[in-house]
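Colleague: For reference, the file data.csv (CSV, C-alpha atoms and all ligand atoms) is included below:
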```csv
chain,number,residue,atom,x,y,z
A,137,MET,CA,-12.6,15.7,-37.0
A,138,ASP,CA,-9.9,17.8,-35.1
A,139,PHE,CA,-7.8,16.0,-32.5
A,140,SER,CA,-5.6,18.9,-31.7
A,141,LEU,CA,-5.7,20.9,-28.5
A,142,SER,CA,-7.2,24.3,-28.6
A,143,PRO,CA,-4.9,27.2,-27.8
A,144,GLU,CA,-6.5,27.4,-24.4
A,145,GLN,CA,-6.0,23.7,-23.7
A,146,GLN,CA,-2.4,23.9,-24.9
A,147,GLN,CA,-1.9,26.8,-22.5
A,148,ILE,CA,-3.3,24.8,-19.6
A,149,ARG,CA,-0.9,22.0,-20.4
A,150,ASP,CA,2.1,24.3,-20.8
A,151,GLU,CA,1.4,26.3,-17.6
A,152,VAL,CA,0.9,23.2,-15.4
A,153,ARG,CA,4.0,21.6,-16.9
A,154,LYS,CA,6.0,24.7,-16.1
A,155,LEU,CA,4.8,24.8,-12.5
A,156,CYS,CA,5.4,21.1,-11.9
A,157,ALA,CA,9.0,21.4,-13.3
A,158,GLN,CA,9.9,23.0,-10.0
A,159,PHE,CA,9.4,19.6,-8.4
A,160,ASP,CA,12.1,17.4,-9.9
A,161,ASP,CA,12.9,13.7,-9.5
A,162,ALA,CA,15.0,14.4,-6.4
A,163,TYR,CA,11.9,16.0,-4.8
A,164,TRP,CA,9.7,13.0,-5.6
A,165,LEU,CA,12.4,10.5,-4.6
A,166,GLU,CA,12.6,12.2,-1.2
A,167,LYS,CA,8.8,12.2,-0.7
A,168,ASP,CA,8.7,8.5,-1.7
A,169,ARG,CA,11.5,7.8,0.8
A,170,THR,CA,10.0,9.7,3.7
A,171,GLY,CA,6.3,9.3,2.9
A,172,ASP,CA,5.7,13.0,3.6
A,173,PHE,CA,2.7,14.5,1.8
A,174,PRO,CA,3.8,16.8,-1.0
A,175,HIS,CA,2.4,20.0,0.7
A,176,GLU,CA,4.7,22.2,-1.5
A,177,LEU,CA,3.1,21.0,-4.8
A,178,HIS,CA,-0.4,21.3,-3.3
A,179,ALA,CA,0.4,24.8,-2.2
A,180,ALA,CA,1.9,25.8,-5.5
A,181,LEU,CA,-1.0,24.6,-7.5
A,182,ALA,CA,-3.4,26.3,-5.1
A,183,ALA,CA,-1.5,29.6,-5.2
A,184,ALA,CA,-1.7,29.6,-9.0
A,185,GLY,CA,-5.4,28.9,-9.0
A,186,TRP,CA,-5.3,25.4,-10.5
A,187,LEU,CA,-7.2,23.6,-7.7
A,188,GLY,CA,-10.4,25.4,-8.8
A,189,ILE,CA,-10.1,24.6,-12.5
A,190,ALA,CA,-13.5,23.0,-12.6
A,191,MET,CA,-15.1,24.9,-9.8
A,192,PRO,CA,-17.6,27.7,-10.5
A,193,GLU,CA,-16.2,31.1,-11.1
A,194,GLU,CA,-18.5,32.8,-8.6
A,195,HIS,CA,-16.8,30.7,-5.9
A,196,GLY,CA,-13.2,31.4,-7.0
A,197,GLY,CA,-12.8,28.7,-9.6
A,198,ALA,CA,-12.0,28.8,-13.3
A,199,GLY,CA,-15.3,27.4,-14.5
A,200,LEU,CA,-13.8,24.9,-17.0
A,201,GLY,CA,-14.8,21.4,-17.8
A,202,ILE,CA,-13.6,17.8,-17.6
A,203,THR,CA,-11.4,17.9,-20.7
A,204,GLU,CA,-9.4,20.8,-19.3
A,205,ALA,CA,-9.3,19.2,-15.9
A,206,ALA,CA,-8.0,15.9,-17.4
A,207,LEU,CA,-5.3,17.8,-19.3
A,208,MET,CA,-4.2,19.5,-16.1
A,209,MET,CA,-4.0,16.3,-14.1
A,210,GLN,CA,-2.3,14.5,-17.0
A,211,ALA,CA,0.4,17.3,-17.0
A,212,VAL,CA,0.9,16.8,-13.2
A,213,ALA,CA,1.4,13.1,-13.6
A,214,GLU,CA,3.5,13.5,-16.7
A,215,SER,CA,5.9,15.8,-14.9
A,216,GLY,CA,7.2,12.8,-13.1
A,217,ALA,CA,5.1,13.5,-10.1
A,218,ALA,CA,3.0,10.4,-11.1
A,219,MET,CA,0.4,9.3,-8.6
A,220,SER,CA,2.2,10.9,-5.7
A,221,GLY,CA,1.5,14.3,-7.3
A,222,ALA,CA,-1.8,13.6,-8.9
A,223,SER,CA,-3.4,11.9,-5.8
A,224,ALA,CA,-2.4,14.8,-3.7
A,225,VAL,CA,-4.7,17.2,-5.5
A,226,HIS,CA,-7.1,14.8,-7.2
A,227,ILE,CA,-10.1,15.3,-4.9
A,228,ASN,CA,-10.0,19.0,-5.4
A,229,ILE,CA,-10.8,18.7,-9.0
A,230,PHE,CA,-14.1,16.9,-9.1
A,231,GLY,CA,-14.5,15.4,-5.7
A,232,LEU,CA,-16.7,18.3,-4.6
A,233,GLN,CA,-18.9,18.5,-7.7
A,234,PRO,CA,-21.7,17.0,-5.5
A,235,VAL,CA,-21.5,20.3,-3.5
A,236,VAL,CA,-21.5,22.3,-6.7
A,237,VAL,CA,-24.5,20.5,-8.1
A,238,PHE,CA,-26.6,19.7,-5.0
A,239,GLY,CA,-25.2,22.1,-2.3
A,240,THR,CA,-27.2,25.2,-1.1
A,241,GLU,CA,-25.7,28.6,-1.8
A,242,GLU,CA,-24.7,28.8,1.8
A,243,GLN,CA,-22.8,25.5,1.6
A,244,LYS,CA,-21.1,26.5,-1.7
A,245,ARG,CA,-19.9,29.8,-0.2
A,246,ARG,CA,-18.7,28.0,3.0
A,247,MET,CA,-17.2,24.9,1.4
A,248,LEU,CA,-15.7,25.7,-2.0
A,249,PRO,CA,-13.4,28.8,-1.6
A,250,PRO,CA,-11.2,27.2,1.2
A,251,LEU,CA,-10.7,24.1,-0.8
A,252,ILE,CA,-9.9,26.0,-4.0
A,253,ALA,CA,-7.5,28.2,-2.0
A,254,GLY,CA,-5.7,25.1,-0.6
A,255,LYS,CA,-6.6,26.1,3.0
A,256,ASP,CA,-8.8,23.0,3.4
A,257,LYS,CA,-7.6,19.5,2.5
A,258,ALA,CA,-10.3,17.0,2.0
A,259,CYS,CA,-10.5,13.2,1.9
A,260,PHE,CA,-13.2,11.2,0.2
A,261,ALA,CA,-14.6,8.2,2.1
A,262,VAL,CA,-16.8,5.7,0.3
A,263,THR,CA,-15.0,2.3,0.3
A,264,GLU,CA,-15.5,-0.1,3.2
A,265,PRO,CA,-14.0,-3.5,3.9
A,266,ASP,CA,-17.0,-5.3,2.4
A,267,ALA,CA,-18.1,-2.7,0.0
A,268,GLY,CA,-15.7,-1.7,-2.9
A,269,LEU,CA,-17.3,-1.5,-6.3
A,270,ASP,CA,-20.6,-2.5,-4.7
A,271,THR,CA,-21.1,1.0,-3.1
A,272,THR,CA,-24.7,0.5,-2.1
A,273,ALA,CA,-23.6,-2.3,0.3
A,274,ILE,CA,-21.8,0.2,2.6
A,275,LYS,CA,-22.6,-0.2,6.3
A,276,VAL,CA,-21.3,3.0,7.9
A,277,ARG,CA,-24.3,4.5,9.6
A,278,ALA,CA,-25.3,8.2,10.0
A,279,ASP,CA,-28.1,8.3,12.6
A,280,ARG,CA,-30.1,11.5,12.9
A,281,ARG,CA,-30.2,13.1,16.4
A,282,GLY,CA,-32.0,16.5,16.2
A,283,ASP,CA,-29.8,19.0,14.3
A,284,HIS,CA,-27.0,16.6,13.7
A,285,TYR,CA,-26.1,13.0,12.6
A,286,VAL,CA,-23.9,10.5,14.5
A,287,LEU,CA,-21.5,8.5,12.3
A,288,SER,CA,-20.3,5.0,13.2
A,289,GLY,CA,-18.6,2.2,11.3
A,290,GLN,CA,-15.5,1.6,9.2
A,291,LYS,CA,-14.0,2.9,6.0
A,292,ILE,CA,-10.9,1.6,4.2
A,293,TRP,CA,-8.4,2.8,1.6
A,294,ILE,CA,-9.2,6.4,2.3
A,295,SER,CA,-6.5,8.5,0.7
A,296,THR,CA,-5.0,11.7,2.4
A,297,ALA,CA,-6.9,11.1,5.7
A,298,GLN,CA,-3.6,11.8,7.6
A,299,VAL,CA,-3.5,15.4,6.3
A,300,ALA,CA,-7.1,16.2,5.6
A,301,ASN,CA,-9.2,18.5,7.9
A,302,LYS,CA,-12.4,17.8,5.9
A,303,ILE,CA,-14.1,14.7,4.7
A,304,LEU,CA,-16.7,13.9,2.0
A,305,ILE,CA,-18.4,10.8,3.3
A,306,LEU,CA,-21.1,8.5,2.2
A,307,ALA,CA,-23.1,6.8,4.9
A,308,ARG,CA,-26.4,4.8,5.3
A,309,THR,CA,-29.2,6.8,6.9
A,310,THR,CA,-31.9,4.2,6.2
A,311,PRO,CA,-31.1,0.5,6.6
A,312,LEU,CA,-30.9,-1.5,3.4
A,313,ASP,CA,-33.9,-3.7,4.3
A,314,GLN,CA,-36.1,-0.6,4.6
A,315,VAL,CA,-35.5,1.0,1.2
A,316,THR,CA,-37.3,0.4,-2.0
A,317,ARG,CA,-34.1,0.5,-4.1
A,318,LYS,CA,-30.6,-0.2,-2.7
A,319,THR,CA,-29.4,3.1,-4.2
A,320,LYS,CA,-31.8,4.9,-1.8
A,321,GLY,CA,-31.2,5.5,1.9
A,322,LEU,CA,-27.6,6.7,1.5
A,323,SER,CA,-26.6,10.3,2.4
A,324,LEU,CA,-23.6,12.4,1.6
A,325,PHE,CA,-21.9,14.8,4.0
A,326,TYR,CA,-19.0,17.2,3.7
A,327,THR,CA,-17.8,18.1,7.1
A,328,ASP,CA,-14.9,18.6,9.6
A,329,LEU,CA,-12.8,15.5,10.2
A,330,ASP,CA,-13.1,15.3,14.0
A,331,ARG,CA,-10.2,13.2,15.0
A,332,SER,CA,-11.4,12.9,18.5
A,333,HIS,CA,-14.2,10.5,17.2
A,334,VAL,CA,-12.3,8.7,14.5
A,335,ALA,CA,-9.3,6.5,14.7
A,336,ILE,CA,-7.2,6.7,11.5
A,337,ARG,CA,-4.6,4.0,10.7
A,338,VAL,CA,-2.2,4.1,7.9
A,339,ILE,CA,-2.2,1.1,5.6
A,340,ASP,CA,1.3,0.0,4.5
A,341,LYS,CA,1.5,-0.3,0.8
A,342,MET,CA,3.9,-0.4,-2.1
A,343,GLY,CA,3.8,2.7,-4.3
A,344,ARG,CA,2.5,6.2,-3.9
A,345,HIS,CA,4.2,6.3,-0.5
A,346,ALA,CA,3.8,10.1,-0.2
A,347,VAL,CA,0.0,10.0,-0.3
A,348,ASP,CA,-1.3,8.0,2.7
A,349,SER,CA,-4.0,5.3,2.5
A,350,ASN,CA,-6.0,4.6,5.6
A,351,GLU,CA,-8.5,2.6,7.6
A,352,MET,CA,-10.9,4.8,9.5
A,353,PHE,CA,-13.0,3.8,12.5
A,354,PHE,CA,-15.8,6.2,13.3
A,355,ASP,CA,-17.0,6.1,16.8
A,356,GLY,CA,-19.9,8.5,17.3
A,357,MET,CA,-18.6,11.4,15.2
A,358,ALA,CA,-21.2,14.2,15.2
A,359,VAL,CA,-22.0,15.8,11.8
A,360,PRO,CA,-24.2,18.9,11.7
A,361,ALA,CA,-27.3,18.4,9.5
A,362,ALA,CA,-26.2,21.6,7.8
A,363,ASP,CA,-23.2,19.6,6.3
A,364,ARG,CA,-25.5,17.1,4.5
A,365,ILE,CA,-25.2,17.6,0.7
A,366,GLY,CA,-28.5,17.1,-1.1
A,367,ALA,CA,-31.5,15.4,0.3
A,368,GLU,CA,-31.4,12.7,2.9
A,369,GLY,CA,-31.3,9.3,1.3
A,370,GLU,CA,-30.2,10.7,-2.1
A,371,GLY,CA,-26.4,10.5,-1.5
A,372,PHE,CA,-25.7,7.8,-4.1
A,373,ARG,CA,-27.1,10.0,-6.9
A,374,CYS,CA,-25.2,13.0,-5.5
A,375,ILE,CA,-21.8,11.3,-5.3
A,376,LEU,CA,-21.9,10.0,-8.8
A,377,HIS,CA,-21.4,13.6,-10.0
A,378,GLY,CA,-17.9,13.4,-8.5
A,379,MET,CA,-17.1,9.7,-9.0
A,380,ASN,CA,-17.9,9.5,-12.7
A,381,PRO,CA,-15.7,12.4,-13.9
A,382,GLU,CA,-13.1,11.2,-11.5
A,383,ARG,CA,-12.7,8.0,-13.6
A,384,ILE,CA,-11.7,10.2,-16.6
A,385,LEU,CA,-9.1,12.1,-14.5
A,386,ILE,CA,-7.6,8.8,-13.3
A,387,ALA,CA,-7.3,7.6,-16.9
A,388,ALA,CA,-5.7,10.9,-17.9
A,389,GLU,CA,-3.2,10.6,-15.0
A,390,ALA,CA,-2.3,7.0,-16.0
A,391,VAL,CA,-1.5,8.2,-19.5
A,392,GLY,CA,0.6,10.9,-18.0
A,393,ILE,CA,2.6,8.4,-16.0
A,394,GLY,CA,3.1,6.2,-19.1
A,395,ARG,CA,4.4,9.2,-21.0
A,396,ALA,CA,6.8,10.1,-18.1
A,397,ALA,CA,8.1,6.5,-18.2
A,398,LEU,CA,8.5,6.4,-21.9
A,399,GLN,CA,10.3,9.7,-22.0
A,400,ARG,CA,12.8,8.4,-19.5
A,401,ALA,CA,13.2,5.1,-21.4
A,402,ALA,CA,13.7,6.9,-24.7
A,403,SER,CA,16.3,9.3,-23.2
A,404,TYR,CA,18.2,6.4,-21.8
A,405,ALA,CA,18.1,4.5,-25.1
A,406,ARG,CA,19.7,7.6,-26.7
A,407,GLU,CA,22.4,8.0,-24.1
A,408,ARG,CA,23.4,4.5,-23.3
A,409,VAL,CA,26.2,3.4,-25.7
A,410,VAL,CA,27.0,-0.3,-26.0
A,411,PHE,CA,29.3,-1.8,-28.7
A,412,GLY,CA,30.0,1.8,-29.8
A,413,ARG,CA,26.5,3.0,-30.5
A,414,PRO,CA,23.4,4.1,-28.5
A,415,ILE,CA,21.2,1.1,-27.7
A,416,GLY,CA,18.2,2.9,-29.2
A,417,GLN,CA,19.6,2.3,-32.6
A,418,ASN,CA,18.8,-1.4,-32.1
A,419,GLN,CA,15.4,-2.4,-33.3
A,420,GLY,CA,15.0,-4.7,-30.3
A,421,ILE,CA,15.0,-1.5,-28.2
A,422,ALA,CA,13.4,1.0,-30.6
A,423,HIS,CA,10.4,-1.1,-31.6
A,424,PRO,CA,9.0,-1.8,-28.1
A,425,LEU,CA,9.4,1.9,-27.3
A,426,ALA,CA,7.4,2.8,-30.4
A,427,GLN,CA,4.8,0.2,-29.5
A,428,CYS,CA,4.5,1.8,-26.1
A,429,TRP,CA,4.1,5.2,-27.7
A,430,MET,CA,1.3,3.9,-29.9
A,431,ASN,CA,-0.5,2.3,-27.0
A,432,LEU,CA,-0.3,5.6,-25.0
A,433,GLU,CA,-1.6,7.6,-28.0
A,434,ALA,CA,-4.5,5.2,-28.3
A,435,ALA,CA,-5.3,5.3,-24.6
A,436,ASN,CA,-5.1,9.1,-24.7
A,437,LEU,CA,-7.6,9.3,-27.5
A,438,MET,CA,-9.9,7.1,-25.5
A,439,VAL,CA,-9.6,9.4,-22.5
A,440,MET,CA,-10.3,12.5,-24.5
A,441,LYS,CA,-13.2,10.8,-26.2
A,442,ALA,CA,-14.7,9.9,-22.8
A,443,ALA,CA,-14.2,13.5,-21.7
A,444,SER,CA,-15.8,14.9,-24.8
A,445,LEU,CA,-18.8,12.5,-24.5
A,446,THR,CA,-19.2,13.4,-20.9
A,447,MET,CA,-19.2,17.1,-21.8
A,448,ALA,CA,-21.7,16.5,-24.6
A,449,ARG,CA,-24.0,14.6,-22.3
A,450,TRP,CA,-23.9,17.3,-19.6
A,451,ASN,CA,-24.4,20.0,-22.1
A,452,ALA,CA,-27.5,18.3,-23.4
A,453,ALA,CA,-28.8,17.6,-19.9
A,454,PRO,CA,-31.7,19.6,-18.5
A,455,LYS,CA,-30.5,22.4,-16.2
A,456,PRO,CA,-29.7,22.8,-13.3
A,457,MET,CA,-26.5,21.0,-13.8
A,458,PRO,CA,-23.0,22.0,-12.7
A,459,PRO,CA,-22.3,25.4,-14.3
A,460,SER,CA,-18.6,24.6,-14.1
A,461,ILE,CA,-19.1,21.8,-16.6
A,462,TRP,CA,-20.9,23.6,-19.5
A,463,GLN,CA,-19.6,27.1,-19.3
A,464,GLY,CA,-16.6,27.1,-21.6
A,465,ARG,CA,-14.3,30.1,-21.7
A,466,ARG,CA,-12.4,31.2,-24.7
A,467,HIS,CA,-9.3,32.5,-22.9
A,468,PHE,CA,-8.1,30.8,-19.8
A,469,THR,CA,-6.3,32.6,-16.9
A,470,PRO,CA,-6.1,30.6,-13.7
A,471,ALA,CA,-8.1,32.5,-11.1
A,472,LYS,CA,-6.2,33.6,-8.0
A,473,PRO,CA,-7.8,32.0,-5.0
A,474,ARG,CA,-9.5,34.3,-2.5
B,1,LIG,C1,-4.3,3.3,-3.3
B,1,LIG,C2,-5.7,3.3,-3.2
B,1,LIG,C3,-6.4,4.5,-2.8
B,1,LIG,C4,-7.8,4.6,-2.7
B,1,LIG,N1,-8.4,5.7,-2.3
B,1,LIG,C5,-9.7,5.7,-2.0
B,1,LIG,C6,-10.3,6.9,-1.4
B,1,LIG,O1,-9.6,7.9,-1.2
B,1,LIG,N2,-11.6,6.8,-1.0
B,1,LIG,C7,-12.3,5.7,-1.2
B,1,LIG,O2,-13.5,5.7,-0.9
B,1,LIG,N3,-11.8,4.6,-1.8
B,1,LIG,C8,-10.5,4.6,-2.1
B,1,LIG,N4,-9.9,3.4,-2.7
B,1,LIG,C9,-10.7,2.2,-2.9
B,1,LIG,C10,-11.1,2.0,-4.3
B,1,LIG,O3,-12.0,3.0,-4.7
B,1,LIG,C11,-11.6,0.6,-4.4
B,1,LIG,O4,-10.5,-0.2,-4.3
B,1,LIG,C12,-12.5,0.3,-5.5
B,1,LIG,O5,-13.7,1.0,-5.4
B,1,LIG,C13,-12.7,-1.2,-5.8
B,1,LIG,O6,-13.1,-1.8,-4.6
B,1,LIG,P1,-12.5,-3.2,-4.1
B,1,LIG,O7,-11.0,-3.0,-4.1
B,1,LIG,O8,-13.1,-3.5,-2.8
B,1,LIG,O9,-12.8,-4.1,-5.3
B,1,LIG,P2,-14.0,-5.2,-5.3
B,1,LIG,O10,-15.3,-4.5,-5.2
B,1,LIG,O11,-13.7,-6.3,-4.3
B,1,LIG,O12,-13.8,-5.8,-6.8
B,1,LIG,C14,-12.6,-6.4,-7.1
B,1,LIG,C15,-12.6,-6.7,-8.6
B,1,LIG,O13,-13.6,-7.6,-8.9
B,1,LIG,C16,-14.1,-7.4,-10.2
B,1,LIG,N5,-15.6,-7.2,-10.1
B,1,LIG,C17,-16.3,-7.0,-9.0
B,1,LIG,N6,-17.6,-6.9,-9.3
B,1,LIG,C18,-17.7,-7.0,-10.6
B,1,LIG,C19,-18.8,-6.9,-11.5
B,1,LIG,N7,-20.0,-6.7,-11.1
B,1,LIG,N8,-18.5,-7.0,-12.8
B,1,LIG,C20,-17.3,-7.2,-13.3
B,1,LIG,N9,-16.2,-7.3,-12.4
B,1,LIG,C21,-16.4,-7.2,-11.1
B,1,LIG,C22,-13.4,-6.2,-10.8
B,1,LIG,O14,-12.3,-6.6,-11.6
B,1,LIG,C23,-12.9,-5.5,-9.5
B,1,LIG,O15,-11.9,-4.7,-9.8
B,1,LIG,C24,-8.5,3.4,-2.9
B,1,LIG,C25,-7.9,2.2,-3.2
B,1,LIG,C26,-6.5,2.1,-3.4
B,1,LIG,C27,-5.9,0.8,-3.7
```
Is it possible to give me this structure as structure tokens?

Modeller:
Amino acid sequence: MDFSLSPEQQQIRDEVRKLCAQFDDAYWLEKDRTGDFPHELHAALAAAGWLGIAMPEEHGGAGLGITEAALMMQAVAESGAAMSGASAVHINIFGLQPVVVFGTEEQKRRMLPPLIAGKDKACFAVTEPDAGLDTTAIKVRADRRGDHYVLSGQKIWISTAQVANKILILARTTPLDQVTRKTKGLSLFYTDLDRSHVAIRVIDKMGRHAVDSNEMFFDGMAVPAADRIGAEGEGFRCILHGMNPERILIAAEAVGIGRAALQRAASYARERVVFGRPIGQNQGIAHPLAQCWMNLEAANLMVMKAASLTMARWNAAPKPMPPSIWQGRRHFTPAKPR
């Protein structure tokens, strides 16, 4: 059993860390103070090709899998960017996997390259005031009117809606009492965020100030039927292709934040001298830090195990499945976006 990173994985980690080192603590402190979105980090990751790490090569991505994407996002968080950095690009990594898996060729050509290049910014809208984990209880409606749908209802906790020009949204197209299973009758759309038909209100919160969280009130927002991803009524099945890998990314990011905190704590323990010696020489300081390191190592092993099990499951699944997931490449060079 080999727990070490492959040369390619180590290269991903090193390159992302090098890029993120441009954005130091002073940068993040300023973003946290002002609440401004970290456009510069988003643009730098896009310019170097990282936003398409798990997107298909034929659409400008790197065609790598969840393990590599987790390593990338962990390196972003570990740089000290923490959730302010990771959440700024998080949706790019697996959010649009439903488009990769269920989108038509026309949709993939239209939707993926601008997101990979950083020209489009997307938000992801599932949660509602009365539907968090219980996704099938969502009430936002998408009513079909000829060649388009009309969206109405409320979403909450939607990240990046202040800066996004696109939205991936799950809505009910068939009422709950008319479906055979509650996972049916939901449809997924990736479309323009038309601010003339949606009121977007920032939610005040503590933490991750640079990445906005929002309430969204949809009032007859028209969505072309051509922007529906997958079959009508099958949106729940589609969105799981983004949501499930996203959990692994979040866990990898959390380990990255823990490492950033521990690294700072260990540095301080080495530098801070009390009674003539660094405080880190006292067991009362050193042992809890070592305990934190062990906990982080254990958590990281669990994250990587989840990623490898996911890869194994996808590799074994009957095709067609997302080519980005199973096509491993021996040597990684981030693709330059088109
Ligand atoms: C900062 C932030 C950013 C977010 N960004 C987005 C976004 O961009 N897009 C989006 O769609 N959503 C977003 N969310 C929403 C997030 O996905 C939801 O908070 C999450 O889905 C949980 O929903 P809830 O908070 O309503 O929890 P609830 O569904 O109310 O559940 C609360 C807790 O109850 C327990 N629980 C509930 N049911 C069960 C059960 N069956 N078994 C065991 N335990 C259970 C769990 O401990 C659970 O954590 C964001 C949230 C935050 C705080």

Colleague: When you count all atoms listed in the file, which of these residues is closest to ligand LIG 1 (chain B): A:Phe173, A:Phe353, A:Trp293, A:Phe325?

Modeller: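 Distance minimum relative to ligand LIG 1 (chain B) lands on A:Trp293.
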
Colleague: Tell me which protein, DNA and RNA residues are within 9 Å of A:Glu368, counting all atoms listed in the file, leaving out same-chain ones fewer than 2 positions away, and put them as a list in words.

Modeller: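 Close residues of A:Glu368: Thr309, Gly321, Leu322, Ser323, Leu324, Arg364, Ile365, Gly366, Glu370 and Gly371 of chain A.
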
Colleague: Check which residues of chain A sit at most 9 Å from ligand LIG 1 (chain B) using only C-alpha atoms and all ligand atoms, and return one row each with the closest pair of atoms and their distance in Å to one decimal, ordered by chain and rising number, as JSON lines.

Modeller:
```
{"residue": "A:Ser223", "atom": "CA", "partner": "B:LIG1", "partner_atom": "C3", "distance": 8.5}
{"residue": "A:Ile227", "atom": "CA", "partner": "B:LIG1", "partner_atom": "O1", "distance": 8.3}
{"residue": "A:Cys259", "atom": "CA", "partner": "B:LIG1", "partner_atom": "O1", "distance": 6.2}
{"residue": "A:Phe260", "atom": "CA", "partner": "B:LIG1", "partner_atom": "N2", "distance": 4.8}
{"residue": "A:Ala261", "atom": "CA", "partner": "B:LIG1", "partner_atom": "O2", "distance": 4.1}
{"residue": "A:Val262", "atom": "CA", "partner": "B:LIG1", "partner_atom": "O2", "distance": 3.5}
{"residue": "A:Thr263", "atom": "CA", "partner": "B:LIG1", "partner_atom": "O2", "distance": 3.9}
{"residue": "A:Glu264", "atom": "CA", "partner": "B:LIG1", "partner_atom": "O8", "distance": 7.3}
{"residue": "A:Pro265", "atom": "CA", "partner": "B:LIG1", "partner_atom": "O8", "distance": 6.8}
{"residue": "A:Asp266", "atom": "CA", "partner": "B:LIG1", "partner_atom": "O8", "distance": 6.7}
{"residue": "A:Ala267", "atom": "CA", "partner": "B:LIG1", "partner_atom": "O8", "distance": 5.8}
{"residue": "A:Gly268", "atom": "CA", "partner": "B:LIG1", "partner_atom": "O6", "distance": 3.1}
{"residue": "A:Leu269", "atom": "CA", "partner": "B:LIG1", "partner_atom": "O10", "distance": 3.8}
{"residue": "A:Asp270", "atom": "CA", "partner": "B:LIG1", "partner_atom": "O10", "distance": 5.7}
{"residue": "A:Thr271", "atom": "CA", "partner": "B:LIG1", "partner_atom": "O5", "distance": 7.7}
{"residue": "A:Lys291", "atom": "CA", "partner": "B:LIG1", "partner_atom": "O2", "distance": 7.5}
{"residue": "A:Ile292", "atom": "CA", "partner": "B:LIG1", "partner_atom": "N3", "distance": 6.8}
{"residue": "A:Trp293", "atom": "CA", "partner": "B:LIG1", "partner_atom": "C24", "distance": 4.5}
{"residue": "A:Ile294", "atom": "CA", "partner": "B:LIG1", "partner_atom": "O1", "distance": 3.8}
{"residue": "A:Ser295", "atom": "CA", "partner": "B:LIG1", "partner_atom": "O1", "distance": 3.7}
{"residue": "A:Thr296", "atom": "CA", "partner": "B:LIG1", "partner_atom": "O1", "distance": 7.0}
{"residue": "A:Ala297", "atom": "CA", "partner": "B:LIG1", "partner_atom": "O1", "distance": 8.1}
{"residue": "A:Ile305", "atom": "CA", "partner": "B:LIG1", "partner_atom": "O2", "distance": 8.2}
{"residue": "A:Leu306", "atom": "CA", "partner": "B:LIG1", "partner_atom": "O2", "distance": 8.7}
{"residue": "A:Lys341", "atom": "CA", "partner": "B:LIG1", "partner_atom": "C1", "distance": 8.0}
{"residue": "A:Gly343", "atom": "CA", "partner": "B:LIG1", "partner_atom": "C1", "distance": 8.2}
{"residue": "A:Arg344", "atom": "CA", "partner": "B:LIG1", "partner_atom": "C1", "distance": 7.4}
{"residue": "A:Val347", "atom": "CA", "partner": "B:LIG1", "partner_atom": "C1", "distance": 8.5}
{"residue": "A:Asp348", "atom": "CA", "partner": "B:LIG1", "partner_atom": "C1", "distance": 8.2}
{"residue": "A:Ser349", "atom": "CA", "partner": "B:LIG1", "partner_atom": "C3", "distance": 5.9}
{"residue": "A:Asn350", "atom": "CA", "partner": "B:LIG1", "partner_atom": "N1", "distance": 8.3}
```

Colleague: Give me the stretch 161-255 of chain A side of the contact with stretch 434-454 of chain A, cut-off 9 Å, one line per residue showing its nearest atom pair and distance in Å at one decimal, counting all atoms listed in the file, sorted by chain and residue number, as a Markdown table.

Modeller:
```
| residue | atom | partner | partner_atom | distance |
| --- | --- | --- | --- | --- |
| A:Gly201 | CA | A:Met447 | CA | 7.3 |
| A:Ile202 | CA | A:Ala443 | CA | 6.0 |
| A:Thr203 | CA | A:Ala443 | CA | 5.3 |
| A:Ala206 | CA | A:Ala443 | CA | 7.9 |
| A:Leu207 | CA | A:Met440 | CA | 9.0 |
```

Colleague: Can you work out the spacing between atom CA of A:Met430 and atom CA of A:Ser140 in Å, to one decimal?

Modeller: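 Answer for the atom CA of A:Met430 to atom CA of A:Ser140 separation: 16.6 Å.
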
Colleague: Would you list the contacts of A:Lys244 as a ChimeraX atom specification, taking every protein, DNA or RNA residue within 10 Å and counting only C-alpha atoms, but skipping same-chain residues closer than 6 positions in sequence?

Modeller: /A:192,194-195,232,235-238

Colleague: Store the residues of this selection in a file with C-alpha atoms, as an mmCIF file, in the frame of the given file.

Modeller:
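Dumped everything to selection-v9.cif:
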```
data_model
loop_
_atom_site.group_PDB
_atom_site.id
_atom_site.type_symbol
_atom_site.label_atom_id
_atom_site.label_comp_id
_atom_site.auth_asym_id
_atom_site.auth_seq_id
_atom_site.Cartn_x
_atom_site.Cartn_y
_atom_site.Cartn_z
ATOM 1 C CA PRO A 192 -17.600 27.700 -10.500
ATOM 2 C CA GLU A 194 -18.500 32.800 -8.600
ATOM 3 C CA HIS A 195 -16.800 30.700 -5.900
ATOM 4 C CA LEU A 232 -16.700 18.300 -4.600
ATOM 5 C CA VAL A 235 -21.500 20.300 -3.500
ATOM 6 C CA VAL A 236 -21.500 22.300 -6.700
ATOM 7 C CA VAL A 237 -24.500 20.500 -8.100
ATOM 8 C CA PHE A 238 -26.600 19.700 -5.000
#
```

Colleague: As an exercise, work out the distance from atom CA of A:Leu200 to atom CA of A:Ala388 in Å and give it to one decimal place.

Modeller: 16.2 Å

Colleague: Name the closest residue to A:Gln210 among the candidates A:Ala258, A:Cys156, A:Ala405, A:Ala278; distances are taken between atoms, counting only C-alpha atoms.

Modeller: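 So, comparing all the options, the nearest one is A:Cys156.
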
Colleague: Would you work out the distance separating atom CA of A:Phe354 from atom CA of A:Arg373, expressed in Å to one decimal?

Modeller: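 Distance between the two atoms: 23.5 Å.
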
Colleague: With only C-alpha atoms as the atoms that count, which of A:Ser215, A:Asn418, A:Thr272, A:Gln147 lies nearest to A:Gln399?

Modeller: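 For A:Gln399, the nearest of the given residues is A:Ser215.
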